[in-house]
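K.L.:
Handing over structure04.tsv, TSV, C-alpha atoms and all ligand atoms.
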chain	number	residue	atom	x	y	z
W	207	MET	CA	106.09	106.25	113.46
W	208	PRO	CA	103.81	103.21	113.94
W	209	LEU	CA	100.21	103.82	114.90
W	210	ASN	CA	99.28	103.08	118.48
W	211	LEU	CA	96.99	100.09	118.96
W	212	GLY	CA	95.77	99.35	122.47
W	213	PRO	CA	94.64	95.94	123.78
W	214	ARG	CA	91.00	96.96	123.36
W	215	ASP	CA	91.32	98.62	119.97
W	216	ALA	CA	90.02	96.97	116.83
W	217	GLU	CA	90.75	98.83	113.61
W	218	VAL	CA	89.17	97.83	110.32
W	219	TRP	CA	90.80	99.06	107.14
W	220	TYR	CA	88.68	98.58	104.06
W	221	ALA	CA	89.21	99.30	100.36
W	222	TRP	CA	86.89	99.34	97.37
W	223	THR	CA	88.29	97.29	94.54
W	224	ALA	CA	87.07	99.82	91.96
W	225	ALA	CA	89.13	102.54	93.64
W	226	CYS	CA	92.27	100.40	93.54
W	227	ALA	CA	92.25	99.16	89.95
W	228	GLU	CA	94.60	101.69	88.36
W	229	PRO	CA	97.66	100.04	86.82
W	230	SER	CA	100.04	102.18	88.90
W	231	LEU	CA	98.35	101.05	92.11
W	232	GLN	CA	98.22	97.44	90.98
W	233	ALA	CA	101.93	97.58	90.19
W	234	ALA	CA	102.58	98.93	93.68
W	235	TYR	CA	100.55	96.07	95.15
W	236	ASP	CA	102.40	93.54	93.05
W	237	ALA	CA	105.68	94.91	94.35
W	238	VAL	CA	104.93	93.90	97.95
W	239	LEU	CA	103.95	90.31	97.14
W	240	GLU	CA	106.11	87.28	97.87
W	241	PRO	CA	107.00	85.13	94.85
W	242	HIS	CA	104.51	82.42	95.81
W	243	GLU	CA	101.76	85.06	96.07
W	244	ARG	CA	102.66	86.40	92.64
W	245	ALA	CA	102.42	82.86	91.29
W	246	ALA	CA	99.05	82.36	92.99
W	247	CYS	CA	97.85	85.64	91.52
W	248	ALA	CA	98.82	84.57	88.03
W	249	ARG	CA	96.62	81.48	88.36
W	250	PHE	CA	93.39	83.53	88.62
W	251	ALA	CA	91.46	83.41	85.37
W	252	THR	CA	90.42	87.05	85.05
W	253	ALA	CA	92.07	90.43	85.44
W	254	ALA	CA	89.41	91.42	87.97
W	255	LEU	CA	90.19	88.43	90.19
W	256	ARG	CA	93.92	89.08	89.93
W	257	ALA	CA	93.36	92.72	90.87
W	258	GLU	CA	91.32	91.73	93.91
W	259	TYR	CA	93.93	89.22	94.99
W	260	ARG	CA	96.74	91.81	94.74
W	261	LEU	CA	94.66	94.35	96.63
W	262	THR	CA	93.84	91.86	99.38
W	263	ARG	CA	97.47	90.94	99.94
W	264	ALA	CA	98.60	94.56	99.73
W	265	LEU	CA	95.87	95.80	102.08
W	266	CYS	CA	96.89	93.19	104.63
W	267	ARG	CA	100.60	93.95	104.37
W	268	THR	CA	100.33	97.75	104.29
W	269	THR	CA	97.82	97.70	107.14
W	270	LEU	CA	100.09	95.64	109.38
W	271	SER	CA	102.98	97.96	108.53
W	272	ARG	CA	101.02	100.88	109.99
W	273	TYR	CA	101.49	99.32	113.43
W	274	ALA	CA	105.11	98.14	113.25
W	275	ASP	CA	108.43	99.15	111.76
W	276	VAL	CA	108.21	96.44	109.14
W	277	ALA	CA	108.09	97.04	105.39
W	278	PRO	CA	104.96	95.60	103.71
W	279	ALA	CA	107.00	93.13	101.68
W	280	ASP	CA	108.73	91.76	104.78
W	281	TRP	CA	105.74	90.18	106.51
W	282	ARG	CA	105.61	86.39	106.48
W	283	PHE	CA	102.51	84.37	107.26
W	284	ARG	CA	101.56	80.90	108.41
W	285	HIS	CA	98.13	79.24	108.45
W	286	ASN	CA	96.37	77.09	111.02
W	287	ALA	CA	94.89	73.73	110.06
W	288	GLN	CA	91.66	75.44	109.01
W	289	GLY	CA	93.43	78.00	106.84
W	290	ARG	CA	93.46	81.02	109.13
W	291	PRO	CA	96.48	83.22	108.35
W	292	GLU	CA	98.61	84.65	111.18
W	293	ILE	CA	101.87	86.56	111.28
W	294	ALA	CA	104.89	84.25	111.32
W	295	ALA	CA	107.65	86.86	111.03
W	296	PRO	CA	109.31	89.19	111.77
W	297	ALA	CA	109.03	88.08	115.38
W	298	GLY	CA	109.82	91.54	116.76
W	299	ALA	CA	106.59	92.95	115.31
W	300	LEU	CA	104.36	90.84	117.52
W	301	PRO	CA	101.86	90.95	119.08
W	302	LEU	CA	99.61	91.84	116.18
W	303	ARG	CA	96.61	89.89	114.93
W	304	PHE	CA	94.48	90.31	111.83
W	305	ASN	CA	91.70	88.81	109.78
W	306	LEU	CA	90.67	89.37	106.17
W	307	SER	CA	87.52	89.28	104.11
W	308	HIS	CA	87.15	90.01	100.44
W	309	GLY	CA	84.89	89.73	97.48
W	310	ARG	CA	82.45	91.48	95.20
W	311	GLY	CA	83.94	94.93	95.33
W	312	LEU	CA	85.22	95.28	98.87
W	313	VAL	CA	88.22	94.06	100.85
W	314	ALA	CA	88.57	94.46	104.63
W	315	CYS	CA	91.26	93.76	107.20
W	316	VAL	CA	90.67	93.95	110.96
W	317	VAL	CA	93.67	94.38	113.25
W	318	THR	CA	93.94	93.85	116.99
W	319	ARG	CA	96.85	93.60	119.38
W	320	THR	CA	96.22	90.07	120.70
W	321	ALA	CA	92.46	89.47	120.57
W	322	ASP	CA	90.87	86.90	118.30
W	323	ALA	CA	89.02	88.83	115.62
W	324	GLY	CA	86.97	87.83	112.61
W	325	VAL	CA	85.63	90.01	109.82
W	326	ASP	CA	83.19	89.24	107.03
W	327	VAL	CA	82.01	91.40	104.17
W	328	GLU	CA	79.24	90.51	101.76
W	329	ARG	CA	77.65	92.33	98.90
W	330	ILE	CA	73.94	92.54	99.55
W	331	VAL	CA	72.23	90.88	96.65
W	332	VAL	CA	68.47	91.18	96.59
W	333	PRO	CA	66.74	88.80	96.75
W	334	ALA	CA	68.97	87.14	99.35
W	335	PRO	CA	69.52	83.38	99.01
W	336	LEU	CA	66.87	82.63	101.61
W	337	ASP	CA	66.86	78.96	100.57
W	338	LEU	CA	70.10	78.66	102.60
W	339	VAL	CA	68.36	79.62	105.84
W	340	ALA	CA	67.09	76.12	106.66
W	341	ALA	CA	70.51	74.55	106.13
W	342	TYR	CA	72.76	77.11	107.81
W	343	PHE	CA	70.79	79.04	110.42
W	344	SER	CA	69.90	77.73	113.88
W	345	THR	CA	66.28	77.10	114.82
W	346	ASP	CA	66.30	80.27	116.93
W	347	GLU	CA	67.64	82.33	114.05
W	348	GLN	CA	65.11	80.88	111.63
W	349	ARG	CA	62.30	81.66	114.06
W	350	ALA	CA	63.52	85.23	114.58
W	351	LEU	CA	63.80	85.78	110.83
W	352	GLN	CA	60.35	84.37	110.11
W	353	ALA	CA	58.85	86.63	112.80
W	354	LEU	CA	59.92	89.70	110.81
W	355	PRO	CA	57.86	91.19	107.98
W	356	ALA	CA	58.87	89.64	104.66
W	357	ALA	CA	60.29	92.97	103.51
W	358	GLN	CA	62.99	92.67	106.18
W	359	HIS	CA	64.09	89.11	105.42
W	360	ASP	CA	66.84	90.04	102.95
W	361	ALA	CA	68.43	92.51	105.36
W	362	ARG	CA	68.18	90.06	108.26
W	363	PHE	CA	69.76	87.32	106.18
W	364	TYR	CA	72.90	89.32	105.48
W	365	TRP	CA	73.09	90.62	109.02
W	366	LEU	CA	72.99	87.05	110.35
W	367	TRP	CA	75.18	85.60	107.65
W	368	THR	CA	78.04	88.06	108.03
W	369	LEU	CA	77.96	87.89	111.84
W	370	LYS	CA	78.04	84.09	111.73
W	371	GLU	CA	80.96	84.11	109.31
W	372	ALA	CA	82.81	86.72	111.38
W	373	TYR	CA	82.34	84.55	114.48
W	374	ILE	CA	83.64	81.31	112.95
W	375	LYS	CA	86.56	83.27	111.52
W	376	ALA	CA	87.39	84.80	114.90
W	377	LEU	CA	87.46	81.28	116.33
W	378	GLY	CA	89.77	80.32	113.48
W	379	LEU	CA	87.61	77.28	112.79
W	380	GLY	CA	86.06	78.29	109.51
W	381	LEU	CA	83.33	75.91	108.44
W	382	GLN	CA	84.59	73.21	110.81
W	383	LEU	CA	82.10	74.76	113.23
W	384	PRO	CA	78.63	74.07	111.80
W	385	LEU	CA	76.84	77.34	111.18
W	386	ASP	CA	73.66	76.08	112.83
W	387	SER	CA	75.47	75.13	116.06
W	388	PHE	CA	75.20	78.65	117.45
W	389	SER	CA	72.75	81.53	117.35
W	390	ILE	CA	73.29	85.22	116.78
W	391	ARG	CA	70.74	87.34	118.62
W	392	ASP	CA	70.00	91.01	118.65
W	393	GLY	CA	68.74	93.13	121.49
W	394	GLN	CA	70.46	95.91	123.35
W	395	ARG	CA	73.62	94.39	121.97
W	396	ILE	CA	74.36	91.54	119.59
W	397	THR	CA	75.14	88.24	121.34
W	398	VAL	CA	76.10	84.71	120.38
W	399	ALA	CA	74.94	81.55	122.12
W	400	SER	CA	75.78	77.94	121.48
W	401	THR	CA	73.01	75.57	120.48
W	402	ALA	CA	75.13	72.41	120.54
W	403	GLY	CA	78.39	72.56	122.44
W	404	ALA	CA	80.09	74.87	124.86
W	405	ILE	CA	82.15	76.93	122.45
W	406	ALA	CA	80.01	80.04	122.41
W	407	ASP	CA	79.80	82.25	125.45
W	408	ASP	CA	78.21	85.55	124.71
W	409	GLU	CA	79.92	87.37	127.58
W	410	LYS	CA	83.21	86.71	125.87
W	411	TRP	CA	82.26	88.20	122.54
W	412	GLN	CA	81.65	91.63	121.13
W	413	LEU	CA	79.80	91.59	117.83
W	414	PHE	CA	79.31	94.47	115.48
W	415	SER	CA	77.66	94.97	112.10
W	416	THR	CA	77.25	97.90	109.77
W	417	LEU	CA	76.44	98.77	106.19
W	418	LEU	CA	79.23	100.15	104.01
W	419	GLY	CA	77.96	102.14	101.07
W	420	GLN	CA	74.62	101.04	99.65
W	421	GLU	CA	75.52	97.47	98.78
W	422	HIS	CA	77.80	95.92	101.36
W	423	ARG	CA	77.56	94.72	104.91
W	424	LEU	CA	80.58	94.32	107.18
W	425	SER	CA	80.43	92.38	110.44
W	426	LEU	CA	82.99	91.81	113.15
W	427	ALA	CA	83.44	89.34	116.00
W	428	LEU	CA	85.94	90.20	118.73
W	429	ARG	CA	86.83	87.98	121.66
W	430	ARG	CA	87.02	89.90	124.91
W	431	GLU	CA	90.14	88.93	126.80
W	432	GLN	CA	89.69	90.72	130.12
W	433	GLY	CA	86.18	92.12	129.94
W	434	GLY	CA	85.53	95.64	128.74
W	435	GLU	CA	84.53	96.89	125.34
W	436	PHE	CA	86.62	97.27	122.23
W	437	ASP	CA	86.90	100.61	120.52
W	438	ILE	CA	86.08	99.80	116.90
W	439	ARG	CA	87.30	102.15	114.21
W	440	LEU	CA	86.58	101.80	110.51
W	441	ARG	CA	88.94	103.36	107.99
W	442	GLU	CA	88.44	103.53	104.25
W	443	VAL	CA	91.73	103.45	102.42
W	444	VAL	CA	93.37	103.16	99.03
W	445	PRO	CA	96.57	101.27	99.84
W	446	ARG	CA	99.67	102.95	98.50
W	447	ALA	CA	97.80	106.20	97.79
W	448	ASP	CA	97.49	109.29	99.94
W	449	CYS	CA	93.89	108.66	100.72
W	450	CYS	CA	92.41	107.69	103.99
W	451	ALA	CA	89.04	108.63	105.40
W	452	SER	CA	87.96	107.33	108.77
W	453	ARG	CA	84.62	106.85	110.36
W	454	VAL	CA	83.01	104.84	113.10
W	455	GLY	CA	80.31	102.29	112.55
W	456	GLU	CA	77.00	103.55	113.77
W	457	PRO	CA	74.38	101.24	115.24
W	458	ASP	CA	72.51	99.76	112.36
W	459	PRO	CA	68.78	100.52	112.24
W	460	GLY	CA	66.58	97.48	111.87
W	461	ALA	CA	69.31	94.89	112.09
W	462	GLY	CA	70.54	94.92	115.65
W	463	SER	CA	73.11	97.20	117.23
W	464	GLY	CA	76.82	96.99	117.77
W	465	ARG	CA	78.71	98.80	120.44
W	466	SER	CA	81.32	100.96	118.96
W	467	ARG	CA	83.01	104.16	119.94
W	468	THR	CA	85.71	106.22	118.41
W	469	THR	CA	88.56	108.27	119.66
W	470	SER	CA	89.43	109.67	116.27
Z	501	LIG	C1	86.98	81.23	106.18
Z	501	LIG	C2	85.59	81.00	105.63
Z	501	LIG	C3	84.63	80.71	106.73
Z	501	LIG	C4	85.17	82.33	105.01
Z	501	LIG	O1	85.17	82.35	103.72
Z	501	LIG	P1	84.38	83.41	102.85
Z	501	LIG	O2	83.32	84.09	103.63
Z	501	LIG	O3	83.98	82.69	101.64
Z	501	LIG	O4	85.52	84.45	102.45
Z	501	LIG	P2	86.12	85.73	103.17
Z	501	LIG	O5	86.64	86.57	102.08
Z	501	LIG	O6	85.20	86.36	104.14
Z	501	LIG	O7	87.33	85.15	104.01
Z	501	LIG	C5	88.44	84.56	103.40
Z	501	LIG	C6	89.66	84.90	104.20
Z	501	LIG	O8	89.50	84.44	105.54
Z	501	LIG	C7	90.77	84.03	106.03
Z	501	LIG	N1	90.59	82.67	106.53
Z	501	LIG	C8	90.73	81.50	105.87
Z	501	LIG	N2	90.46	80.47	106.70
Z	501	LIG	C9	90.16	81.01	107.89
Z	501	LIG	C10	89.81	80.46	109.15
Z	501	LIG	N3	89.73	79.15	109.37
Z	501	LIG	N4	89.57	81.31	110.17
Z	501	LIG	C11	89.67	82.63	110.00
Z	501	LIG	N5	90.00	83.22	108.84
Z	501	LIG	C12	90.24	82.40	107.79
Z	501	LIG	C13	91.77	84.12	104.89
Z	501	LIG	O9	92.52	85.31	105.06
Z	501	LIG	C14	90.89	84.20	103.68
Z	501	LIG	O10	91.39	85.01	102.65
Z	501	LIG	P3	92.71	84.60	101.84
Z	501	LIG	O11	92.59	83.16	101.53
Z	501	LIG	O12	92.68	85.50	100.65
Z	501	LIG	O13	93.86	84.91	102.78
Z	501	LIG	C15	85.69	79.79	104.72
Z	501	LIG	O14	85.87	78.68	105.51
Z	501	LIG	C16	84.60	79.42	103.78
Z	501	LIG	O15	84.85	78.62	102.99
Z	501	LIG	N6	83.41	79.93	103.77
Z	501	LIG	C17	82.39	79.60	102.80
Z	501	LIG	C18	81.11	80.05	103.35
Z	501	LIG	C19	79.95	79.73	102.46
Z	501	LIG	O16	79.64	78.60	102.14
Z	501	LIG	N7	79.26	80.75	102.10
Z	501	LIG	C20	78.07	80.67	101.33
Z	501	LIG	C21	77.53	82.09	101.25
Z	501	LIG	S1	75.78	82.11	101.07
Would you write out, as structure tokens, the structure that this file holds?
Ligand SMILES: CC(C)(COP(=O)(O)OP(=O)(O)OC[C@H]1O[C@@H](n2cnc3c(N)ncnc32)[C@H](O)[C@@H]1OP(=O)(O)O)[C@@H](O)C(=O)NCCC(=O)NCCS

P.N.:
Amino acid sequence: MPLNLGPRDAEVWYAWTAACAEPSLQAAYDAVLEPHERAACARFATAALRAEYRLTRALCRTTLSRYADVAPADWRFRHNAQGRPEIAAPAGALPLRFNLSHGRGLVACVVTRTADAGVDVERIVVPAPLDLVAAYFSTDEQRALQALPAAQHDARFYWLWTLKEAYIKALGLGLQLPLDSFSIRDGQRITVASTAGAIADDEKWQLFSTLLGQEHRLSLALRREQGGEFDIRLREVVPRADCCASRVGEPDPGAGSGRSRTTS
């Protein structure tokens, strides 16, 4: 029986690569890949990269199959001009949207019914690459970061960085939208405002950020379609294993707050 997903639900399924490395799991992931994905996997230079690739594809496919009567191997995808993947088939399973982020130990997939959604995960490496701030952050963001005590700069960097990436991914534009052309701001809630054009409109966006474990940050950008707030649910999972813990992201001390509620 497929899981229910309402128009204002956003569910994030995330998996730790270390928990999904067993050969039996990797074989199960390999089994749901399309031939071209298997070929792409084989081109990665290391076993760790191949394992992460298989997990990413399997997490995406098994997650989508939770919401539709479609076997994981039967999903087909297309990409927009900037590389954003979307479901191409089976047509009967629509509407269902998703976005992926992966790397350095964690893979995440956000699913919505029809809303544009972007997710970004980063491993928090200290010291943060603060030399990127001048090139990629807006003047407002740079000013807000510099106003904080130096001890908070690393945390602020990753908070900003992941929210900015989640936002450009939700738009589907990737790096076609310059990262300094909009500003992420905190306050009672996290907002986004354009510094250059008219793309950003903070009333239309719900932004959320949380730490996962000790070393990773996950951020989300969700486009509101008819006002109202999304219910955001985070679920840790080992695809193809009987393991699934769920939790809700709490507001994140010191790095802004996201609105999130749970019904589970
Ligand atoms: C999409 C993008 C913005 C995100 O890339 P990223 O943060 O490196 O990687 P993530 O793992 O978070 O996201 C990659 C996934 O996003 C999805 N994606 C690709 N293009 C996308 C787009 N235009 N819009 C939304 N999602 C997209 C894909 O599913 C991709 O994974 P896949 O190729 O395995 O299917 C990419 O354009 C990019 O190249 N970013 C580089 C950012 C950078 O320079 N970072 C420096 C860090 S200090």

K.L.:
Could you check which of W:Met207, W:Ala447, W:Cys226, W:Ala246 is closest to ligand LIG 501 (chain Z), using only C-alpha atoms and all ligand atoms?

P.N.:
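Of W:Met207, W:Ala447, W:Cys226, W:Ala246, the one nearest ligand LIG 501 (chain Z) is W:Ala246, counting only C-alpha atoms and all ligand atoms.
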
K.L.:
Using all atoms listed in the file, which protein or nucleic acid residues are at most 8 Å from ligand LIG 501 (chain Z), as a PyMOL selection string?

P.N.:
chain W and resi 259+262-263+285-291+305-309+313+324-328+335+338+367-368+371-372+374-382

K.L.:
List every protein, DNA or RNA residue that has an atom no more than 12 Å from (75.7, 86.8, 112.2) in the file's coordinate frame, counting only C-alpha atoms, and report them as a ChimeraX atom specification.

P.N.:
/W:324-328,342-344,347,361-375,385-386,388-392,396-399,412-416,423-427,461-464

K.L.:
Take the residues from that selection and write them out as a PDB file, in the frame of the given file, keeping C-alpha atoms.

P.N.:
ATOM      1  CA  GLY W 324      86.970  87.830 112.610  1.00  0.00           C
ATOM      2  CA  VAL W 325      85.630  90.010 109.820  1.00  0.00           C
ATOM      3  CA  ASP W 326      83.190  89.240 107.030  1.00  0.00           C
ATOM      4  CA  VAL W 327      82.010  91.400 104.170  1.00  0.00           C
ATOM      5  CA  GLU W 328      79.240  90.510 101.760  1.00  0.00           C
ATOM      6  CA  TYR W 342      72.760  77.110 107.810  1.00  0.00           C
ATOM      7  CA  PHE W 343      70.790  79.040 110.420  1.00  0.00           C
ATOM      8  CA  SER W 344      69.900  77.730 113.880  1.00  0.00           C
ATOM      9  CA  GLU W 347      67.640  82.330 114.050  1.00  0.00           C
ATOM     10  CA  ALA W 361      68.430  92.510 105.360  1.00  0.00           C
ATOM     11  CA  ARG W 362      68.180  90.060 108.260  1.00  0.00           C
ATOM     12  CA  PHE W 363      69.760  87.320 106.180  1.00  0.00           C
ATOM     13  CA  TYR W 364      72.900  89.320 105.480  1.00  0.00           C
ATOM     14  CA  TRP W 365      73.090  90.620 109.020  1.00  0.00           C
ATOM     15  CA  LEU W 366      72.990  87.050 110.350  1.00  0.00           C
ATOM     16  CA  TRP W 367      75.180  85.600 107.650  1.00  0.00           C
ATOM     17  CA  THR W 368      78.040  88.060 108.030  1.00  0.00           C
ATOM     18  CA  LEU W 369      77.960  87.890 111.840  1.00  0.00           C
ATOM     19  CA  LYS W 370      78.040  84.090 111.730  1.00  0.00           C
ATOM     20  CA  GLU W 371      80.960  84.110 109.310  1.00  0.00           C
ATOM     21  CA  ALA W 372      82.810  86.720 111.380  1.00  0.00           C
ATOM     22  CA  TYR W 373      82.340  84.550 114.480  1.00  0.00           C
ATOM     23  CA  ILE W 374      83.640  81.310 112.950  1.00  0.00           C
ATOM     24  CA  LYS W 375      86.560  83.270 111.520  1.00  0.00           C
ATOM     25  CA  LEU W 385      76.840  77.340 111.180  1.00  0.00           C
ATOM     26  CA  ASP W 386      73.660  76.080 112.830  1.00  0.00           C
ATOM     27  CA  PHE W 388      75.200  78.650 117.450  1.00  0.00           C
ATOM     28  CA  SER W 389      72.750  81.530 117.350  1.00  0.00           C
ATOM     29  CA  ILE W 390      73.290  85.220 116.780  1.00  0.00           C
ATOM     30  CA  ARG W 391      70.740  87.340 118.620  1.00  0.00           C
ATOM     31  CA  ASP W 392      70.000  91.010 118.650  1.00  0.00           C
ATOM     32  CA  ILE W 396      74.360  91.540 119.590  1.00  0.00           C
ATOM     33  CA  THR W 397      75.140  88.240 121.340  1.00  0.00           C
ATOM     34  CA  VAL W 398      76.100  84.710 120.380  1.00  0.00           C
ATOM     35  CA  ALA W 399      74.940  81.550 122.120  1.00  0.00           C
ATOM     36  CA  GLN W 412      81.650  91.630 121.130  1.00  0.00           C
ATOM     37  CA  LEU W 413      79.800  91.590 117.830  1.00  0.00           C
ATOM     38  CA  PHE W 414      79.310  94.470 115.480  1.00  0.00           C
ATOM     39  CA  SER W 415      77.660  94.970 112.100  1.00  0.00           C
ATOM     40  CA  THR W 416      77.250  97.900 109.770  1.00  0.00           C
ATOM     41  CA  ARG W 423      77.560  94.720 104.910  1.00  0.00           C
ATOM     42  CA  LEU W 424      80.580  94.320 107.180  1.00  0.00           C
ATOM     43  CA  SER W 425      80.430  92.380 110.440  1.00  0.00           C
ATOM     44  CA  LEU W 426      82.990  91.810 113.150  1.00  0.00           C
ATOM     45  CA  ALA W 427      83.440  89.340 116.000  1.00  0.00           C
ATOM     46  CA  ALA W 461      69.310  94.890 112.090  1.00  0.00           C
ATOM     47  CA  GLY W 462      70.540  94.920 115.650  1.00  0.00           C
ATOM     48  CA  SER W 463      73.110  97.200 117.230  1.00  0.00           C
ATOM     49  CA  GLY W 464      76.820  96.990 117.770  1.00  0.00           C
TER      50      GLY W 464
END

K.L.:
Give the answer as one residue: which of W:Ala279, W:Leu428, W:Ala350, W:Leu336 has the shortest atom-to-atom distance to Pro213 (chain W), using all atoms listed in the file?

P.N.:
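Closest candidate: W:Leu428.
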
K.L.:
Any chance you could work out the axis-aligned box around region 335-344 of chain W, listed atoms only, 6 Å on each side, giving centre and edge lengths in Å to one decimal, as AutoDock Vina command-line options?

P.N.:
--center_x 69.8 --center_y 79.0 --center_z 106.4 --size_x 17.9 --size_y 20.8 --size_z 26.9

K.L.:
Show which residues sit within 10 Å of Arg256 (chain W), as a ChimeraX atom specification. Count only C-alpha atoms, and ignore same-chain residues fewer than 4 positions away.

P.N.:
/W:232,244,246-252,260-262

K.L.:
Could you jot down the CA of Arg439 (chain W) to CA of Ala321 (chain W) separation for me, Å, one decimal place?

P.N.:
15.1 Å

K.L.:
How many Å lie between CA of Arg446 (chain W) and CA of Arg303 (chain W), rounded to one decimal?

P.N.:
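Computed distance, CA of Arg446 (chain W) to CA of Arg303 (chain W), equals 21.2 Å.
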
K.L.:
With distances taken over only C-alpha atoms, which residue among W:Ala357, W:Phe283, W:Leu265, W:Ala234 lies nearest Ala295 (chain W)?

P.N.:
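With only C-alpha atoms as the atom set, the closest residue is W:Phe283.
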
K.L.:
Quick check, in Å to one decimal: how far apart do CA of Pro301 (chain W) and CA of Val317 (chain W) lie?

P.N.:
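If I compute the distance from CA of Pro301 (chain W) to CA of Val317 (chain W), I get 10.6 Å.
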
K.L.:
Reconstruct region 249-269 of chain W at the level of N, CA and C atoms, and format the result as a PDB file, in the frame of the given file.

P.N.:
ATOM      1  N   ARG W 249      97.511  82.618  88.652  1.00  0.00           N
ATOM      2  CA  ARG W 249      96.620  81.480  88.360  1.00  0.00           C
ATOM      3  C   ARG W 249      95.148  81.894  88.277  1.00  0.00           C
ATOM      4  N   PHE W 250      94.789  83.095  88.737  1.00  0.00           N
ATOM      5  CA  PHE W 250      93.390  83.530  88.620  1.00  0.00           C
ATOM      6  C   PHE W 250      93.059  83.777  87.156  1.00  0.00           C
ATOM      7  N   ALA W 251      91.826  83.425  86.790  1.00  0.00           N
ATOM      8  CA  ALA W 251      91.460  83.410  85.370  1.00  0.00           C
ATOM      9  C   ALA W 251      91.230  84.802  84.791  1.00  0.00           C
ATOM     10  N   THR W 252      90.774  85.737  85.625  1.00  0.00           N
ATOM     11  CA  THR W 252      90.420  87.050  85.050  1.00  0.00           C
ATOM     12  C   THR W 252      91.241  88.159  85.686  1.00  0.00           C
ATOM     13  N   ALA W 253      91.323  89.263  84.948  1.00  0.00           N
ATOM     14  CA  ALA W 253      92.070  90.430  85.440  1.00  0.00           C
ATOM     15  C   ALA W 253      91.424  90.964  86.720  1.00  0.00           C
ATOM     16  N   ALA W 254      90.092  90.903  86.781  1.00  0.00           N
ATOM     17  CA  ALA W 254      89.410  91.420  87.970  1.00  0.00           C
ATOM     18  C   ALA W 254      89.769  90.600  89.209  1.00  0.00           C
ATOM     19  N   LEU W 255      89.833  89.278  89.054  1.00  0.00           N
ATOM     20  CA  LEU W 255      90.190  88.430  90.190  1.00  0.00           C
ATOM     21  C   LEU W 255      91.651  88.641  90.595  1.00  0.00           C
ATOM     22  N   ARG W 256      92.505  88.820  89.610  1.00  0.00           N
ATOM     23  CA  ARG W 256      93.920  89.080  89.930  1.00  0.00           C
ATOM     24  C   ARG W 256      94.068  90.408  90.666  1.00  0.00           C
ATOM     25  N   ALA W 257      93.292  91.403  90.214  1.00  0.00           N
ATOM     26  CA  ALA W 257      93.360  92.720  90.870  1.00  0.00           C
ATOM     27  C   ALA W 257      92.880  92.623  92.309  1.00  0.00           C
ATOM     28  N   GLU W 258      91.818  91.866  92.530  1.00  0.00           N
ATOM     29  CA  GLU W 258      91.320  91.730  93.910  1.00  0.00           C
ATOM     30  C   GLU W 258      92.309  90.979  94.783  1.00  0.00           C
ATOM     31  N   TYR W 259      92.933  89.978  94.219  1.00  0.00           N
ATOM     32  CA  TYR W 259      93.930  89.220  94.990  1.00  0.00           C
ATOM     33  C   TYR W 259      95.092  90.136  95.399  1.00  0.00           C
ATOM     34  N   ARG W 260      95.619  90.895  94.422  1.00  0.00           N
ATOM     35  CA  ARG W 260      96.740  91.810  94.740  1.00  0.00           C
ATOM     36  C   ARG W 260      96.333  92.815  95.806  1.00  0.00           C
ATOM     37  N   LEU W 261      95.123  93.362  95.643  1.00  0.00           N
ATOM     38  CA  LEU W 261      94.660  94.350  96.630  1.00  0.00           C
ATOM     39  C   LEU W 261      94.543  93.722  98.012  1.00  0.00           C
ATOM     40  N   THR W 262      94.006  92.509  98.074  1.00  0.00           N
ATOM     41  CA  THR W 262      93.840  91.860  99.380  1.00  0.00           C
ATOM     42  C   THR W 262      95.183  91.692 100.076  1.00  0.00           C
ATOM     43  N   ARG W 263      96.144  91.148  99.341  1.00  0.00           N
ATOM     44  CA  ARG W 263      97.470  90.940  99.940  1.00  0.00           C
ATOM     45  C   ARG W 263      98.102  92.280 100.327  1.00  0.00           C
ATOM     46  N   ALA W 264      97.968  93.275  99.456  1.00  0.00           N
ATOM     47  CA  ALA W 264      98.600  94.560  99.730  1.00  0.00           C
ATOM     48  C   ALA W 264      97.911  95.275 100.891  1.00  0.00           C
ATOM     49  N   LEU W 265      96.580  95.169 100.952  1.00  0.00           N
ATOM     50  CA  LEU W 265      95.870  95.800 102.080  1.00  0.00           C
ATOM     51  C   LEU W 265      96.340  95.178 103.386  1.00  0.00           C
ATOM     52  N   CYS W 266      96.439  93.872 103.416  1.00  0.00           N
ATOM     53  CA  CYS W 266      96.890  93.190 104.630  1.00  0.00           C
ATOM     54  C   CYS W 266      98.301  93.651 105.006  1.00  0.00           C
ATOM     55  N   ARG W 267      99.202  93.625 104.074  1.00  0.00           N
ATOM     56  CA  ARG W 267     100.600  93.950 104.370  1.00  0.00           C
ATOM     57  C   ARG W 267     100.778  95.430 104.748  1.00  0.00           C
ATOM     58  N   THR W 268     100.153  96.320 103.984  1.00  0.00           N
ATOM     59  CA  THR W 268     100.330  97.750 104.290  1.00  0.00           C
ATOM     60  C   THR W 268      99.620  98.115 105.587  1.00  0.00           C
ATOM     61  N   THR W 269      98.512  97.429 105.880  1.00  0.00           N
ATOM     62  CA  THR W 269      97.820  97.700 107.140  1.00  0.00           C
ATOM     63  C   THR W 269      98.687  97.293 108.320  1.00  0.00           C
TER      64      THR W 269
END
